[in-house]
Amino acid sequence: MAGIRGARGWWRARRLAAAIPAAVRAVRPALGTGSDPLLARGELISARRCWYCSIDDVGLDTWVVAGDRLACGDCASALLGRGLPYVRVMALHRGRAGSPRRSLGEIYHALVAFKERHDGWEGLAAPLAHMLATSIRQVMTTAALPAAESRRGGPWVVAPVPSFQALRPHVRILTALAAAELPYEAAPTLDLLVKRVDFVQKGMSRADRWRASADAYVLRRRWGRSRSEVRGARVIVTDDFFTTGATLAECAWVVRSAGAAAVYGAAVVRVILAPGERLLPLRGRQARVQLREVDARGRAPIAAGDGVLWLRFACVLPCAAVHTAGPIPVPGLDRLAVHRWLCQCGVAHVIRLRREWLGGTKECVAVMLGTRRPAEILVGVAQEGTTFA
Ligand SMILES: [Zn+2]
Ligand SMILES: [Zn+2]
């Protein structure tokens, strides 16, 4: 038995090593150390996230609590319609697409640099693979299968999202490298899936992503036969970014129709989109309010003429409420204003605001919301001249 395992292990190691480019292997000192002080500055996903898709964006509406799980509106409606093909997705970090926040963008930009092979990309492989491995391990330790499926408790199969014709196989490289940190029973099957249609998702709308992903992925046939290792298995599909979930959903349908017991996802970054505009009440009228993210120090820029603002923040778990408070008067320069809101669940939220001068004509408002991290706050500023009846 040990001999069979040994031979299999040898082949597995050979296949994984072959998936790692020589340029990445050459920066061996970094491999396996698994940490990089630069990347450690990226923002982690907050504890208050959708149980299913890892999103933690307070810009979203319709959060719901189902049992002891918090779900975003998209996942909740997909669950109701039995249209969620995966059980759970874990991502270690989050990044807002196009975010001006350096701390948010760090991991995001590192992944793009690795993917597009900018200078020094080889050195990013080890820390990014470590993050992917952490997400995979989190899936394995928290995976809760429905009772009927967990009795079977099938083997784990880790499969990267494939690139078209295996060109630029960065997810495959990261998955192969991550294997060094995974338990033996979760060794990657790097060639499980094939992408048979070429398209680039970047810049596509949500609907376009879903349309483009449909039927784009298939199982790779081996020795002319379909894959038997998927039947009854718990498959973890790995990817770099998880944005709308279109890619993962399509891969999940493919492996589920091949008989997988359950499909999970593991990614490095959960991408959330730039905060949008909302119509909010202002003095008996409606104002077009632009929601902005606060910076790493909890500050949002304001113009000298901005007299009021809105705050959007989430209540504590397990409450699903997301509050939009306002209009709130902007305090005088260097004055501290304290506001309190009572949530329907009984939690009192205390928010402190301070207006600060940044030099020149630049001002900002600093927001301190209890013990919460500033990442979970959006500040709304009314657009001048867009107030209407
Ligand atoms: Zn969700
Ligand atoms: Zn609450």
# chains A, B, ... in the order shown; residues from 1 in each chain; ligands from 1
$ closest_atom_pairs --of "chain A" --to "ligand 2" --cutoff "7 Å" --atoms "only C-alpha atoms and all ligand atoms" --output "JSON lines"
{"residue": "A:Cys315", "atom": "CA", "partner": "ligand 2", "partner_atom_place_in_ligand_line": "1 (Zn)", "distance": 4.6}
{"residue": "A:Val316", "atom": "CA", "partner": "ligand 2", "partner_atom_place_in_ligand_line": "1 (Zn)", "distance": 6.1}
{"residue": "A:Cys319", "atom": "CA", "partner": "ligand 2", "partner_atom_place_in_ligand_line": "1 (Zn)", "distance": 4.6}
{"residue": "A:Ala320", "atom": "CA", "partner": "ligand 2", "partner_atom_place_in_ligand_line": "1 (Zn)", "distance": 6.6}
{"residue": "A:Ala321", "atom": "CA", "partner": "ligand 2", "partner_atom_place_in_ligand_line": "1 (Zn)", "distance": 5.3}
{"residue": "A:Cys343", "atom": "CA", "partner": "ligand 2", "partner_atom_place_in_ligand_line": "1 (Zn)", "distance": 4.6}
{"residue": "A:Gln344", "atom": "CA", "partner": "ligand 2", "partner_atom_place_in_ligand_line": "1 (Zn)", "distance": 5.5}
{"residue": "A:Cys345", "atom": "CA", "partner": "ligand 2", "partner_atom_place_in_ligand_line": "1 (Zn)", "distance": 4.2}
{"residue": "A:Gly346", "atom": "CA", "partner": "ligand 2", "partner_atom_place_in_ligand_line": "1 (Zn)", "distance": 6.4}
{"residue": "A:Val347", "atom": "CA", "partner": "ligand 2", "partner_atom_place_in_ligand_line": "1 (Zn)", "distance": 5.6}
$ select_by_dssp --residues "range 19-133 of chain A" --states "strand (DSSP E)" --output "PyMOL selection string"
chain A and resi 64-66+69-71+88-96
$ residues_around --residues "Ala19 in chain A" --least-positions-apart "3" --cutoff "9 Å" --atoms "only C-alpha atoms" --output "list in words"
Arg14, Arg15, Leu16, Pro169, Arg172, Ile173, Ala176, Leu177 and Leu190 of chain A
$ write_last_selection --atoms "N, CA and C atoms" --output "PDB file, in the first residue's frame"
ATOM      1  N   ARG A  14       5.828  14.956  -9.960  1.00  0.00           N
ATOM      2  CA  ARG A  14       6.366  15.239 -11.299  1.00  0.00           C
ATOM      3  C   ARG A  14       5.418  16.162 -12.073  1.00  0.00           C
ATOM      4  N   ARG A  15       4.113  15.806 -12.034  1.00  0.00           N
ATOM      5  CA  ARG A  15       3.133  16.593 -12.784  1.00  0.00           C
ATOM      6  C   ARG A  15       3.037  18.017 -12.234  1.00  0.00           C
ATOM      7  N   LEU A  16       3.059  18.153 -10.893  1.00  0.00           N
ATOM      8  CA  LEU A  16       2.966  19.488 -10.291  1.00  0.00           C
ATOM      9  C   LEU A  16       4.200  20.316 -10.638  1.00  0.00           C
ATOM     10  N   PRO A 169      -1.162  30.154 -18.028  1.00  0.00           N
ATOM     11  CA  PRO A 169      -1.880  29.327 -17.040  1.00  0.00           C
ATOM     12  C   PRO A 169      -1.543  29.735 -15.601  1.00  0.00           C
ATOM     13  N   ARG A 172      -3.224  27.748 -12.815  1.00  0.00           N
ATOM     14  CA  ARG A 172      -2.636  26.412 -12.768  1.00  0.00           C
ATOM     15  C   ARG A 172      -1.299  26.436 -12.006  1.00  0.00           C
ATOM     16  N   ILE A 173      -0.479  27.471 -12.275  1.00  0.00           N
ATOM     17  CA  ILE A 173       0.810  27.598 -11.584  1.00  0.00           C
ATOM     18  C   ILE A 173       0.592  27.779 -10.081  1.00  0.00           C
ATOM     19  N   ALA A 176      -0.584  24.564  -8.498  1.00  0.00           N
ATOM     20  CA  ALA A 176       0.510  23.591  -8.373  1.00  0.00           C
ATOM     21  C   ALA A 176       1.418  23.953  -7.203  1.00  0.00           C
ATOM     22  N   LEU A 177       1.706  25.238  -7.070  1.00  0.00           N
ATOM     23  CA  LEU A 177       2.560  25.682  -5.957  1.00  0.00           C
ATOM     24  C   LEU A 177       1.851  25.520  -4.608  1.00  0.00           C
ATOM     25  N   LEU A 190      -4.597  19.021 -12.036  1.00  0.00           N
ATOM     26  CA  LEU A 190      -4.421  20.273 -12.778  1.00  0.00           C
ATOM     27  C   LEU A 190      -5.118  20.291 -14.130  1.00  0.00           C
TER      28      LEU A 190
END
$ closest_residue --among "A:Val65, A:Met90, A:Val197, A:Ala212" --to "Thr142 in chain A" --atoms "only C-alpha atoms"
A:Met90
$ residues_around --residues "range 291-299 of chain A" --least-positions-apart "4" --cutoff "6 Å" --atoms "only C-alpha atoms" --output "PDB file with N, CA and C atoms, in the first residue's frame"
ATOM      1  N   ARG A 101      -7.786  53.057  -2.927  1.00  0.00           N
ATOM      2  CA  ARG A 101      -7.103  52.720  -1.674  1.00  0.00           C
ATOM      3  C   ARG A 101      -5.932  51.804  -1.933  1.00  0.00           C
ATOM      4  N   PRO A 275     -18.344  51.582  -5.374  1.00  0.00           N
ATOM      5  CA  PRO A 275     -19.645  51.976  -4.822  1.00  0.00           C
ATOM      6  C   PRO A 275     -20.378  52.893  -5.790  1.00  0.00           C
ATOM      7  N   GLY A 276     -21.688  52.746  -5.830  1.00  0.00           N
ATOM      8  CA  GLY A 276     -22.458  53.463  -6.843  1.00  0.00           C
ATOM      9  C   GLY A 276     -23.181  54.686  -6.328  1.00  0.00           C
ATOM     10  N   GLU A 277     -24.158  55.110  -7.121  1.00  0.00           N
ATOM     11  CA  GLU A 277     -24.986  56.272  -6.774  1.00  0.00           C
ATOM     12  C   GLU A 277     -26.331  55.790  -6.245  1.00  0.00           C
ATOM     13  N   VAL A 365     -13.602  64.106   5.765  1.00  0.00           N
ATOM     14  CA  VAL A 365     -14.286  63.786   7.008  1.00  0.00           C
ATOM     15  C   VAL A 365     -13.797  62.412   7.450  1.00  0.00           C
ATOM     16  N   ALA A 366     -13.332  62.361   8.696  1.00  0.00           N
ATOM     17  CA  ALA A 366     -12.841  61.095   9.250  1.00  0.00           C
ATOM     18  C   ALA A 366     -13.984  60.424  10.003  1.00  0.00           C
ATOM     19  N   VAL A 367     -14.178  59.129   9.752  1.00  0.00           N
ATOM     20  CA  VAL A 367     -15.305  58.398  10.324  1.00  0.00           C
ATOM     21  C   VAL A 367     -14.779  57.324  11.258  1.00  0.00           C
ATOM     22  N   PRO A 374     -12.763  50.498   9.165  1.00  0.00           N
ATOM     23  CA  PRO A 374     -13.323  51.495   8.260  1.00  0.00           C
ATOM     24  C   PRO A 374     -13.716  50.939   6.903  1.00  0.00           C
ATOM     25  N   LEU A 378     -19.280  53.267   3.961  1.00  0.00           N
ATOM     26  CA  LEU A 378     -19.286  54.087   2.751  1.00  0.00           C
ATOM     27  C   LEU A 378     -19.837  55.458   3.146  1.00  0.00           C
ATOM     28  N   VAL A 379     -19.270  56.493   2.568  1.00  0.00           N
ATOM     29  CA  VAL A 379     -19.729  57.850   2.851  1.00  0.00           C
ATOM     30  C   VAL A 379     -20.416  58.382   1.598  1.00  0.00           C
ATOM     31  N   GLY A 380     -21.614  58.882   1.766  1.00  0.00           N
ATOM     32  CA  GLY A 380     -22.352  59.436   0.638  1.00  0.00           C
ATOM     33  C   GLY A 380     -22.259  60.941   0.615  1.00  0.00           C
TER      34      GLY A 380
END
$ residues_near_ligand --ligand "ligand 1" --cutoff "10 Å" --atoms "only C-alpha atoms and all ligand atoms" --output "list in words"
Arg49, Cys50, Trp51, Tyr52, Cys53, Ser54, Ile55, Asp56, Asp57, Trp63, Val64, Leu70, Ala71, Cys72, Gly73, Asp74, Cys75, Ala76, Ser77, Ala78, Leu79, Leu84, Arg88, Val89, Thr244 and Gly245 of chain A
$ atom_distance --atom1 "CA of Phe242 in chain A" --atom2 "CA of Val171 in chain A"
12.2 Å
$ select_by_dssp --residues "range 21-267 of chain A" --states "helix (DSSP H, G or I)" --output "PyMOL selection string"
chain A and resi 22-26+28-30+39-41+73-80+102-115+121-142+147-150+170-181+184-186+206-213+246-257
$ closest_residue --among "A:Ala382, A:Ala267, A:Ala274, A:Met368" --to "Val289 in chain A" --atoms "only C-alpha atoms"
A:Ala382
$ closest_residue --among "A:Gly42, A:Pro155, A:Pro301, A:Gly360" --to "Pro127 in chain A" --atoms "only C-alpha atoms"
A:Gly42
$ residues_around --residues "Val338 in chain A" --least-positions-apart "3" --cutoff "9 Å" --atoms "only C-alpha atoms" --output "list in words"
Val350, Ile351, Arg352, Leu353 and Arg354 of chain A
$ write_last_selection --atoms "N, CA and C atoms" --output "compact mmCIF listing (two decimals), in the first residue's frame"
# COMPACT_ATOMS: atom_id res chain seq x y z
N VAL A 350 -22.63 53.74 17.51
CA VAL A 350 -22.09 55.06 17.82
C VAL A 350 -21.05 55.40 16.75
N ILE A 351 -21.24 56.53 16.11
CA ILE A 351 -20.32 56.94 15.05
C ILE A 351 -19.79 58.34 15.36
N ARG A 352 -18.50 58.47 15.28
CA ARG A 352 -17.87 59.77 15.50
C ARG A 352 -17.35 60.30 14.16
N LEU A 353 -17.62 61.58 13.92
CA LEU A 353 -17.19 62.22 12.67
C LEU A 353 -16.29 63.40 13.02
N ARG A 354 -15.24 63.57 12.26
CA ARG A 354 -14.42 64.77 12.44
C ARG A 354 -14.01 65.31 11.09
$ atom_distance --atom1 "CA of Pro188 in chain A" --atom2 "CA of Arg69 in chain A"
29.1 Å
$ closest_residue --among "A:Gly59, A:Gly332, A:Gly326, A:Gly232" --to "Gly154 in chain A" --atoms "only C-alpha atoms"
A:Gly232
$ closest_residue --among "A:Ala246, A:Ala303, A:Val194, A:Leu358" --to "Ser163 in chain A" --atoms "only C-alpha atoms"
A:Val194
